[in-house]
Structure formats: C-alpha cells, structure tokens
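Chemist: One file: work-v9.cif (mmCIF, C-alpha atoms and all ligand atoms).
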data_run
loop_
_atom_site.label_atom_id
_atom_site.label_comp_id
_atom_site.auth_asym_id
_atom_site.auth_seq_id
_atom_site.Cartn_x
_atom_site.Cartn_y
_atom_site.Cartn_z
CA MET A 1 4.73 24.70 3.07
CA GLU A 2 1.42 23.75 1.46
CA ARG A 3 0.43 20.15 0.91
CA ARG A 4 0.54 20.31 -2.89
CA ASN A 5 4.25 20.95 -2.69
CA TYR A 6 4.83 17.36 -1.50
CA ARG A 7 3.14 15.95 -4.61
CA THR A 8 5.22 14.97 -7.59
CA ASN A 9 4.04 14.89 -11.19
CA VAL A 10 4.47 11.09 -11.38
CA TRP A 11 1.26 9.27 -12.37
CA VAL A 12 -0.16 7.34 -9.38
CA ASP A 13 -1.03 4.02 -11.00
CA TRP A 14 -2.71 2.13 -8.14
CA CYS A 15 -6.10 0.51 -8.84
CA PRO A 16 -9.02 2.93 -8.33
CA GLY A 17 -10.28 2.52 -4.77
CA CYS A 18 -7.02 1.07 -3.40
CA GLY A 19 -6.30 1.88 0.24
CA ASN A 20 -2.83 3.06 -0.74
CA PHE A 21 -4.44 6.34 -1.84
CA GLY A 22 -5.61 6.99 1.72
CA ILE A 23 -2.13 6.29 3.10
CA LEU A 24 -0.56 8.62 0.54
CA THR A 25 -3.02 11.34 1.58
CA GLY A 26 -2.11 10.70 5.23
CA ILE A 27 1.58 11.16 4.44
CA TYR A 28 1.00 14.34 2.43
CA ARG A 29 -1.05 15.83 5.28
CA ALA A 30 1.44 14.80 7.98
CA LEU A 31 4.41 16.25 6.07
CA GLU A 32 2.46 19.44 5.49
CA GLU A 33 1.43 19.91 9.11
CA LEU A 34 4.91 19.10 10.39
CA SER A 35 6.42 21.45 7.77
CA LEU A 36 9.13 18.89 7.14
CA ASP A 37 11.88 20.01 4.81
CA PRO A 38 11.79 17.74 1.70
CA ASP A 39 15.59 18.01 1.52
CA ARG A 40 15.88 16.50 5.00
CA THR A 41 13.17 13.85 4.62
CA VAL A 42 13.76 10.41 3.08
CA ILE A 43 11.05 7.96 2.01
CA VAL A 44 12.42 4.41 1.64
CA SER A 45 10.55 1.40 0.23
CA GLY A 46 11.09 -2.17 -0.96
CA ILE A 47 9.01 -3.87 -3.66
CA GLY A 48 5.23 -4.05 -3.96
CA CYS A 49 2.27 -1.87 -4.88
CA SER A 50 2.79 0.35 -1.84
CA SER A 51 6.52 0.54 -2.45
CA LYS A 52 5.99 2.88 -5.38
CA ILE A 53 5.30 5.62 -2.87
CA PRO A 54 8.74 7.35 -2.97
CA HIS A 55 7.94 8.34 -6.56
CA PHE A 56 4.79 10.15 -5.45
CA VAL A 57 6.21 12.21 -2.57
CA TYR A 58 8.31 15.31 -3.14
CA ALA A 59 11.19 14.42 -0.79
CA ASN A 60 14.31 12.30 -1.05
CA GLY A 61 13.27 8.78 -2.01
CA VAL A 62 14.87 5.36 -2.39
CA HIS A 63 12.92 2.52 -4.05
CA THR A 64 15.06 -0.45 -3.06
CA LEU A 65 14.98 -4.26 -3.18
CA HIS A 66 12.27 -6.65 -2.01
CA GLY A 67 12.32 -6.77 1.79
CA ARG A 68 15.41 -4.58 2.09
CA ALA A 69 13.97 -1.13 2.75
CA ILE A 70 14.93 -1.27 6.44
CA PRO A 71 18.65 -2.00 5.87
CA PHE A 72 18.79 0.93 3.42
CA ALA A 73 16.95 3.15 5.91
CA THR A 74 19.31 2.07 8.68
CA GLY A 75 22.34 3.11 6.64
CA ILE A 76 20.74 6.44 5.74
CA LYS A 77 19.89 7.21 9.37
CA LEU A 78 23.33 6.28 10.66
CA ALA A 79 25.04 8.32 7.96
CA ASN A 80 23.00 11.39 8.90
CA PRO A 81 20.91 11.11 12.10
CA GLU A 82 19.36 14.53 11.47
CA LEU A 83 17.29 13.20 8.56
CA THR A 84 13.66 12.15 9.01
CA VAL A 85 13.53 8.61 7.62
CA ILE A 86 10.19 6.93 6.82
CA VAL A 87 9.95 3.36 5.53
CA HIS A 88 6.88 2.20 3.58
CA GLY A 89 6.20 -1.41 2.73
CA GLY A 90 3.53 -4.01 2.25
CA ASP A 91 2.91 -6.97 4.54
CA GLY A 92 4.60 -9.34 2.11
CA ASP A 93 7.64 -7.12 1.81
CA LEU A 94 8.15 -6.09 5.46
CA LEU A 95 6.88 -9.23 7.22
CA GLY A 96 7.74 -11.92 4.67
CA ILE A 97 11.18 -11.61 3.11
CA GLY A 98 11.92 -8.54 5.25
CA ALA A 99 10.85 -9.96 8.62
CA GLY A 100 14.37 -10.29 10.03
CA HIS A 101 15.13 -6.66 9.25
CA PHE A 102 11.80 -5.60 10.74
CA VAL A 103 12.69 -7.29 14.04
CA ALA A 104 16.24 -5.91 14.04
CA LEU A 105 15.02 -2.32 13.69
CA GLY A 106 12.81 -2.66 16.76
CA ARG A 107 15.58 -4.32 18.75
CA ARG A 108 17.97 -1.48 17.96
CA ASN A 109 15.39 1.30 18.44
CA LEU A 110 16.68 3.37 15.57
CA ASP A 111 14.81 6.66 15.15
CA ILE A 112 12.95 5.55 12.00
CA VAL A 113 9.21 5.35 11.20
CA VAL A 114 7.93 2.14 9.57
CA ILE A 115 4.51 2.32 7.89
CA LEU A 116 3.02 -1.08 7.03
CA HIS A 117 0.47 -1.09 4.18
CA ASN A 118 -1.39 -4.14 5.46
CA ASN A 119 -3.81 -5.68 2.95
CA GLY A 120 -3.29 -9.41 3.52
CA VAL A 121 -2.10 -10.15 -0.01
CA TYR A 122 0.83 -9.76 -2.39
CA GLY A 123 -1.04 -7.29 -4.62
CA LEU A 124 1.73 -6.67 -7.13
CA THR A 125 1.98 -10.36 -8.02
CA LYS A 126 -1.74 -11.17 -8.29
CA GLY A 127 -2.92 -11.64 -4.72
CA GLN A 128 -1.12 -14.57 -3.11
CA ALA A 129 -1.65 -14.89 0.68
CA SER A 130 0.69 -12.66 2.66
CA PRO A 131 1.96 -13.15 6.25
CA THR A 132 -1.02 -11.19 7.65
CA LEU A 133 -3.82 -13.22 6.00
CA PRO A 134 -5.35 -15.46 8.70
CA LEU A 135 -5.39 -19.24 8.44
CA GLY A 136 -8.45 -20.57 6.62
CA VAL A 137 -9.39 -17.33 4.89
CA LYS A 138 -10.11 -17.62 1.18
CA THR A 139 -9.93 -14.49 -0.94
CA LYS A 140 -11.04 -14.48 -4.55
CA SER A 141 -7.43 -14.76 -5.70
CA LEU A 142 -6.80 -18.04 -3.80
CA VAL A 143 -7.78 -21.44 -5.16
CA GLU A 144 -8.00 -22.90 -1.65
CA PRO A 145 -8.30 -21.28 1.80
CA ASN A 146 -5.02 -19.98 3.23
CA ILE A 147 -3.01 -22.85 4.71
CA GLN A 148 -0.64 -20.75 6.87
CA ASN A 149 -1.07 -18.90 10.13
CA ALA A 150 -0.81 -15.11 10.19
CA PHE A 151 1.52 -12.76 12.03
CA ASN A 152 0.01 -10.26 14.39
CA PRO A 153 2.07 -7.19 13.38
CA ILE A 154 1.35 -5.26 16.58
CA MET A 155 2.44 -8.19 18.76
CA LEU A 156 5.56 -8.66 16.65
CA ALA A 157 6.50 -4.97 16.90
CA LEU A 158 5.96 -4.92 20.67
CA ALA A 159 8.02 -8.06 21.16
CA ALA A 160 10.80 -6.77 18.88
CA GLY A 161 11.22 -3.57 20.90
CA TYR A 162 9.59 -0.79 18.87
CA THR A 163 8.98 2.08 21.27
CA PHE A 164 6.03 3.60 19.37
CA VAL A 165 3.45 1.06 18.22
CA ALA A 166 0.14 2.07 16.64
CA ARG A 167 -2.48 1.03 14.11
CA SER A 168 -4.63 3.12 11.81
CA TYR A 169 -6.99 2.68 8.87
CA ALA A 170 -6.20 3.84 5.34
CA PHE A 171 -9.50 5.61 4.74
CA ASP A 172 -9.54 7.45 8.06
CA THR A 173 -6.93 9.88 6.80
CA ASN A 174 -7.33 12.31 9.69
CA HIS A 175 -6.61 9.58 12.25
CA LEU A 176 -3.73 8.26 10.14
CA LYS A 177 -2.24 11.72 9.65
CA ASN A 178 -2.23 12.35 13.40
CA ILE A 179 -0.59 8.98 14.10
CA ILE A 180 2.10 9.58 11.45
CA LYS A 181 2.86 13.02 12.90
CA GLU A 182 3.29 11.58 16.38
CA ALA A 183 5.43 8.72 15.07
CA VAL A 184 7.74 11.15 13.27
CA LEU A 185 8.14 13.25 16.41
CA HIS A 186 8.79 10.17 18.58
CA LYS A 187 12.48 9.54 19.33
CA GLY A 188 13.01 5.85 18.53
CA ALA A 189 11.66 3.07 16.33
CA ALA A 190 8.03 3.78 15.42
CA PHE A 191 5.69 1.27 13.80
CA ILE A 192 2.27 1.98 12.27
CA ASP A 193 0.15 -0.95 11.08
CA VAL A 194 -2.24 0.55 8.51
CA LEU A 195 -5.24 -1.58 7.59
CA GLN A 196 -5.61 -1.20 3.85
CA PRO A 197 -8.21 -2.68 1.48
CA CYS A 198 -6.90 -4.23 -1.75
CA VAL A 199 -9.96 -3.86 -3.98
CA THR A 200 -8.55 -6.07 -6.73
CA PHE A 201 -7.48 -9.24 -4.87
CA ASN A 202 -8.88 -9.21 -1.32
CA ASP A 203 -12.68 -9.41 -1.25
CA VAL A 204 -12.73 -10.39 2.45
CA TYR A 205 -11.03 -7.43 4.18
CA THR A 206 -12.86 -4.71 2.29
CA ALA A 207 -13.63 -1.08 3.09
CA ASP A 208 -17.09 -2.24 4.15
CA PHE A 209 -15.56 -4.83 6.52
CA TYR A 210 -13.29 -2.26 8.13
CA ARG A 211 -16.05 0.34 8.37
CA LYS A 212 -17.96 -2.10 10.59
CA SER A 213 -15.06 -3.56 12.57
CA VAL A 214 -12.56 -0.83 13.48
CA TYR A 215 -12.93 1.17 16.66
CA LYS A 216 -10.64 3.77 18.20
CA LEU A 217 -8.70 3.04 21.37
CA GLU A 218 -8.73 6.74 22.22
CA ASP A 219 -12.53 6.66 22.52
CA ASP A 220 -11.94 4.82 25.81
CA LYS A 221 -10.86 7.63 28.13
CA ALA A 222 -9.25 5.09 30.47
CA TRP A 223 -6.87 3.84 27.75
CA ASP A 224 -3.39 5.29 28.27
CA PRO A 225 -0.63 3.88 26.01
CA TYR A 226 2.05 6.31 27.21
CA VAL A 227 4.85 5.13 29.49
CA ARG A 228 5.19 8.12 31.81
CA LYS A 229 8.05 6.76 33.94
CA PRO A 230 10.46 3.90 33.13
CA GLU A 231 9.10 1.56 35.79
CA GLU A 232 5.68 1.59 34.06
CA ALA A 233 7.07 0.09 30.85
CA GLN A 234 6.37 -3.57 31.60
CA GLU A 235 2.82 -3.02 32.77
CA LYS A 236 2.02 -0.83 29.74
CA MET A 237 3.59 -3.42 27.43
CA LEU A 238 1.42 -6.20 28.86
CA ARG A 239 -1.71 -4.09 28.48
CA ALA A 240 -0.75 -3.27 24.90
CA MET A 241 -0.25 -6.96 24.09
CA GLU A 242 -3.61 -7.83 25.58
CA LYS A 243 -5.24 -5.18 23.39
CA ALA A 244 -3.27 -6.33 20.34
CA LEU A 245 -4.79 -9.78 20.65
CA GLN A 246 -8.21 -8.31 19.90
CA GLN A 247 -8.78 -9.23 16.29
CA GLY A 248 -11.71 -10.50 14.28
CA GLU A 249 -15.05 -8.75 14.45
CA LYS A 250 -13.74 -5.78 16.41
CA ILE A 251 -10.31 -4.36 15.57
CA PRO A 252 -8.75 -1.58 17.67
CA ILE A 253 -6.89 1.28 15.99
CA GLY A 254 -4.86 3.97 17.73
CA ARG A 255 -1.77 4.03 19.92
CA PHE A 256 -0.93 0.77 21.69
CA TYR A 257 2.40 1.59 23.33
CA VAL A 258 4.61 4.67 23.49
CA ASN A 259 7.84 4.56 25.50
CA PRO A 260 10.17 7.58 25.26
CA PHE A 261 12.68 6.26 27.80
CA VAL A 262 14.72 3.85 25.64
CA SER A 263 17.96 5.15 24.12
CA THR A 264 18.27 5.01 20.34
CA PHE A 265 20.87 3.05 18.41
CA GLU A 266 22.30 6.34 17.12
CA GLU A 267 22.83 7.58 20.68
CA ARG A 268 24.53 4.34 21.72
CA ILE A 269 26.88 4.44 18.73
CA SER A 270 27.72 8.06 19.47
CA GLN A 271 28.61 7.17 23.05
CA ARG A 272 30.68 4.19 21.91
CA LEU A 273 32.71 6.37 19.54
CA LYS A 274 33.50 8.78 22.34
CA ALA A 275 34.90 5.91 24.40
CA TYR A 276 37.71 5.34 21.88
CA PRO A 277 40.48 7.97 22.22
CA GLY A 278 41.67 7.33 18.67
CA LEU A 279 38.35 8.41 17.25
CA ASN A 280 37.17 11.98 17.22
CA PRO A 281 33.38 11.89 17.21
CA SER A 282 33.27 15.48 16.01
CA ASN A 283 34.66 14.22 12.71
CA SER A 284 32.06 11.46 12.53
CA VAL A 285 28.79 11.79 10.69
CA ILE A 286 27.28 9.52 13.36
CA GLU A 287 27.55 12.10 16.12
CA VAL A 288 24.11 12.95 17.51
CA GLN A 289 23.39 16.68 17.76
CA GLY A 290 22.57 18.13 21.14
CA GLU A 291 24.61 15.70 23.21
FE1 LIG B 301 -3.93 -1.61 -4.47
FE2 LIG B 301 -4.43 -4.22 -4.63
FE3 LIG B 301 -4.40 -2.73 -6.83
FE4 LIG B 301 -2.14 -3.25 -5.55
S1 LIG B 301 -3.45 -4.75 -6.56
S2 LIG B 301 -2.77 -1.24 -6.36
S3 LIG B 301 -2.81 -3.24 -3.40
S4 LIG B 301 -5.86 -2.56 -5.12
#
How does this structure look as structure tokens?
Modeler:
Amino acid sequence: MERRNYRTNVWVDWCPGCGNFGILTGIYRALEELSLDPDRTVIVSGIGCSSKIPHFVYANGVHTLHGRAIPFATGIKLANPELTVIVHGGDGDLLGIGAGHFVALGRRNLDIVVILHNNGVYGLTKGQASPTLPLGVKTKSLVEPNIQNAFNPIMLALAAGYTFVARSYAFDTNHLKNIIKEAVLHKGAAFIDVLQPCVTFNDVYTADFYRKSVYKLEDDKAWDPYVRKPEEAQEKMLRAMEKALQQGEKIPIGRFYVNPFVSTFEERISQRLKAYPGLNPSNSVIEVQGE
C-alpha cells in the first residue's frame, strides 16, 4: 500500500509550521512501511490540536473525550486484540486530565501504542501551561512564569510499567517513523514522547531550540535499551531512568527501555477465562490468537 492511501481528504487545519505535521508524516510513513491494513488499524484521540489526527488518517478512528482516549482504546483492544490500536494525545490531554488512565495502561501492559504530542502548552485553548512545561518558564502566552513543576513523561512511563519507552522529535520524521514502527511491532504497552514545537504559543521550545539540544541515544554504540533476558530488566530500567533525567540543554531521543518479557493484559485475561469451566474462551472475543 502506498503512503497516499493513508491520507484522507479532510483539511488539515493546524497552524503552518506546527510540529503536528511532522508527527502526521511519521504516522503515514510508519503505516505505509508496515503495510498495516486500515480496516484493522484504529487511531484513538482525546481533545486538543493533536487529537484531530484520526480525521487525517485513512484507518478506523475515534475522536473521543478530553483525557479519555486510553479508556476507549482499552475497550477497543479488549474487544478485538487483533487490531492495531494507536492513541494520540497532547501533554495536557494525556498527562493532565488523562494522567490516571496513562498510568493504568502502563501498569496493565496492554498492547497499545501511545504517542504523546509534547509541546508544553494547551494549544487548542490559547497556550496555558501544560504538565510538561517546566517550573519558572514563561512562554509568550503566559502572563507570569509557570508556577507548577513539570512531569518527566519518560520517567512516568517507566515507573508506570510501559514495556517500550522512547522519545523522538517531530521534525526528524525518519527517526520518528522508525520508532513508531518498532512500537507497533512491540508486544505490550508502548510509549513515545514526541517533542513538538507549538509555533503559535510556545516561543521557548522552538524548532531552533530542539535543533540545538536533541541528540540520539543510538549514536552511542554502548547504549543498549533492550532487555535481552528477564533478569536484566531492573538494571536496564535504572539505566533508562538515569538517562531520562537528562533534560535541559541536551535532550536524548531514541529508545530508553524495551522489555519483551512481560505478559500483556490481554494474555492474562485470556488465561483467566480459561480457568473458569463455565466460560468457553473460544466463544469470547477476548481470546488471544496463537495461544
Ligand atoms: Fe500546533 Fe500550537 Fe497551532 Fe495547536 S496552536 S495547531 S499545537 S502550532
């Protein structure tokens, strides 16, 4: 399938220069290279600039409520585990009102990809500080410097239990595409923190800022985020957390932690159903294929 077949004819109304365009390109390219069937792919979003994305991708799409994309995605995945389910959301949506759901998805390790469009502001509502804008930072849309501390999304995802944790940059679409592809193929909860300029409301974290500050973890040949046997998991997690704390002038992008040894929520439910004689898992839509 060629990339243009994942485009819809819906007008993309983001501000010219918005980082969301780079993320949309990354998704188009990943879907194309994975040859994902649009009928078996579901894009789920909440509310925000980035959450318009289901309208722009030729696949199944659900544009849901503010902060509630993950509960919808959870229901979709449990109803049909064979679907590829990808959640998109902004930092206000996923880490503000949706923070509890974000943590629950990692804890359960559902086989869902979460893509965070991280621009530090609530763009759709005129640029208020979001949960990822650091304390003391003043963007042009704030009257005073930000008075709240920020989340570190990578640390939060690692602590919550996501088994694929990575970061990319919206305007490095090749890097982003490769990370999305790997996240989709990973069995378990995958999280991608995508650094994304908001040209209209955030004049601090701009494309120029990111061009100077991001560097790739994979450029360090000694960096190995992959858990290759279960007993390595704790050591790899600690190393990933140490790397995640690097913020400020130099920001790492790439894979932080990949652990394929944790069972998914779908697999655990399938096993639980089999334990009850009164239930016939073969009649259940929750049964996981290949078991
Ligand atoms: Fe993008 Fe910001 Fe415009 Fe929203 S307000 S479309 S995040 S540039």
Chemist: Could you give me, as JSON lines, a per-residue list for chain A showing, wherever an atom lies at most 6 Å from an atom of ligand LIG 301 (chain B), the closest pair of atoms and their distance in Å to one decimal, using only C-alpha atoms and all ligand atoms and sorting by chain then residue number from low to high?
Modeler:
{"residue": "A:Trp14", "atom": "CA", "partner": "B:LIG301", "partner_atom": "S2", "distance": 3.8}
{"residue": "A:Cys15", "atom": "CA", "partner": "B:LIG301", "partner_atom": "FE3", "distance": 4.2}
{"residue": "A:Cys18", "atom": "CA", "partner": "B:LIG301", "partner_atom": "S4", "distance": 4.2}
{"residue": "A:Cys49", "atom": "CA", "partner": "B:LIG301", "partner_atom": "FE4", "distance": 4.7}
{"residue": "A:Gly123", "atom": "CA", "partner": "B:LIG301", "partner_atom": "S1", "distance": 4.0}
{"residue": "A:Leu124", "atom": "CA", "partner": "B:LIG301", "partner_atom": "FE4", "distance": 5.4}
{"residue": "A:Cys198", "atom": "CA", "partner": "B:LIG301", "partner_atom": "FE2", "distance": 3.8}
{"residue": "A:Val199", "atom": "CA", "partner": "B:LIG301", "partner_atom": "S4", "distance": 4.4}
{"residue": "A:Thr200", "atom": "CA", "partner": "B:LIG301", "partner_atom": "S4", "distance": 4.7}
{"residue": "A:Phe201", "atom": "CA", "partner": "B:LIG301", "partner_atom": "FE2", "distance": 5.9}
Chemist: Output C-alpha atoms of each residue in that selection to a file, as a compact mmCIF listing (two decimals), in the coordinates of the input.
Modeler:
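Dumped everything to out-v9.txt:
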# COMPACT_ATOMS: atom_id res chain seq x y z
CA TRP A 14 -2.71 2.13 -8.14
CA CYS A 15 -6.10 0.51 -8.84
CA CYS A 18 -7.02 1.07 -3.40
CA CYS A 49 2.27 -1.87 -4.88
CA GLY A 123 -1.04 -7.29 -4.62
CA LEU A 124 1.73 -6.67 -7.13
CA CYS A 198 -6.90 -4.23 -1.75
CA VAL A 199 -9.96 -3.86 -3.98
CA THR A 200 -8.55 -6.07 -6.73
CA PHE A 201 -7.48 -9.24 -4.87
Chemist: Restrict the calculation to only C-alpha atoms, then for each residue of stretch 72-154 of chain A with any atom at most 12 Å from an atom of stretch 266-274 of chain A give the closest atom pair and their distance in Å to one decimal, rows by chain and rising residue number, as a Markdown table.
Modeler:
| residue | atom | partner | partner_atom | distance |
| --- | --- | --- | --- | --- |
| A:Thr74 | CA | A:Glu266 | CA | 9.9 |
| A:Gly75 | CA | A:Glu266 | CA | 11.0 |
| A:Ile76 | CA | A:Glu266 | CA | 11.5 |
| A:Lys77 | CA | A:Glu266 | CA | 8.2 |
| A:Leu78 | CA | A:Glu266 | CA | 6.5 |
| A:Ala79 | CA | A:Glu266 | CA | 9.8 |
| A:Asn80 | CA | A:Glu266 | CA | 9.7 |
| A:Pro81 | CA | A:Glu266 | CA | 7.1 |
| A:Glu82 | CA | A:Glu266 | CA | 10.4 |
| A:Leu105 | CA | A:Glu266 | CA | 11.8 |
| A:Arg108 | CA | A:Glu266 | CA | 9.0 |
| A:Asn109 | CA | A:Glu266 | CA | 8.7 |
| A:Leu110 | CA | A:Glu266 | CA | 6.5 |
| A:Asp111 | CA | A:Glu266 | CA | 7.8 |
| A:Ile112 | CA | A:Glu266 | CA | 10.7 |
Chemist: Show me, as a list in words, the residues that have an atom within 8 Å of A:Ser45 when counting all atoms listed in the file, minus same-chain residues fewer than 2 positions from it.
Modeler: Ile43, Ile47, Ser51, Lys52, Ile53, Pro54, Val62, His63, Thr64, Leu65, Arg68, Ala69, Val87, His88 and Gly89 of chain A
Chemist: With the cut-off set at 12 Å and counting all atoms listed in the file, tabulate each residue of stretch 14-91 of chain A with an atom at most that distance from an atom of stretch 203-207 of chain A, showing the nearest atom pair and its distance in Å to one decimal, ordered by chain and increasing number, as a Markdown table.
Modeler:
| residue | atom | partner | partner_atom | distance |
| --- | --- | --- | --- | --- |
| A:Gly17 | CA | A:Ala207 | CA | 9.3 |
| A:Cys18 | CA | A:Ala207 | CA | 9.5 |
| A:Gly19 | CA | A:Ala207 | CA | 8.4 |
| A:Gly22 | CA | A:Ala207 | CA | 11.5 |
Chemist: So that I can see what lies close to A:Lys177, please list as a compact mmCIF listing (two decimals) with C-alpha atoms, in the coordinates of the input the residues with an atom at most 7 Å from it, counting all atoms listed in the file and leaving out residues fewer than 6 positions away in the same chain.
Modeler:
# COMPACT_ATOMS: atom_id res chain seq x y z
CA GLY A 26 -2.11 10.70 5.23
CA ILE A 27 1.58 11.16 4.44
CA ARG A 29 -1.05 15.83 5.28
CA ALA A 30 1.44 14.80 7.98
Chemist: As lines of an AutoDock Vina configuration file, please: the centre and edge lengths in Å, to one decimal, of an axis-aligned box enclosing every listed atom of stretch 164-169 of chain A with 8 Å added on each side.
Modeler:
center_x = -0.5
center_y = 2.3
center_z = 14.1
size_x = 29.0
size_y = 18.6
size_z = 26.5
Chemist: In terms of the shortest atom-to-atom distance over only C-alpha atoms, which of A:Gly188, A:Gly106, A:Pro16, A:Gly161 is closest to A:Thr84?
Modeler: A:Gly188
Chemist: Just checking: using only C-alpha atoms, which residue out of A:Val44, A:Val262, A:Ala159, A:Ala129 ends up closest to A:His186?
Modeler: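 That would be A:Val262, the residue with the smallest distance to A:His186.
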Chemist: Which residue, A:Glu218, A:Gly248, A:Leu34, A:Phe56, has the smallest gap to A:Val137 when you use only C-alpha atoms?
Modeler: A:Gly248
Chemist: Hey, what's within 9 Å of A:Leu133 if we count all atoms listed in the file and toss same-chain stuff fewer than 5 positions away? As a PDB file with C-alpha atoms, keeping the file's coordinate frame, please?
Modeler:
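Resulting contents of out_16.pdb:
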ATOM      1  CA  ASN A 119      -3.810  -5.680   2.950  1.00  0.00           C
ATOM      2  CA  GLY A 120      -3.290  -9.410   3.520  1.00  0.00           C
ATOM      3  CA  VAL A 121      -2.100 -10.150  -0.010  1.00  0.00           C
ATOM      4  CA  ASN A 146      -5.020 -19.980   3.230  1.00  0.00           C
ATOM      5  CA  GLN A 148      -0.640 -20.750   6.870  1.00  0.00           C
ATOM      6  CA  ASN A 149      -1.070 -18.900  10.130  1.00  0.00           C
ATOM      7  CA  ALA A 150      -0.810 -15.110  10.190  1.00  0.00           C
ATOM      8  CA  PHE A 151       1.520 -12.760  12.030  1.00  0.00           C
TER       9      PHE A 151
END
Chemist: Excluding A:Arg7 and residues on its chain fewer than 3 positions from it, collect all residues at most 10 Å away from it, counting all atoms listed in the file, and give them as a PyMOL selection string.
Modeler: chain A and resi 3-4+10+24-25+28+55-59
Chemist: I need every residue sitting at most 8 Å from the point (5.6, 1.9, 17.4) (coordinates as in the file, all atoms listed in the file considered), written as a PyMOL selection string.
Modeler: chain A and resi 113+157-158+162-166+183+189-192+256-258
Chemist: What separation in Å, quoted to one decimal, exists between atom CA of A:Ile86 and atom CA of A:Arg228?
Modeler: 25.5 Å
Chemist: By how many Å are atom CA of A:Ser213 and atom CA of A:Gln247 apart?
Modeler: 9.2 Å
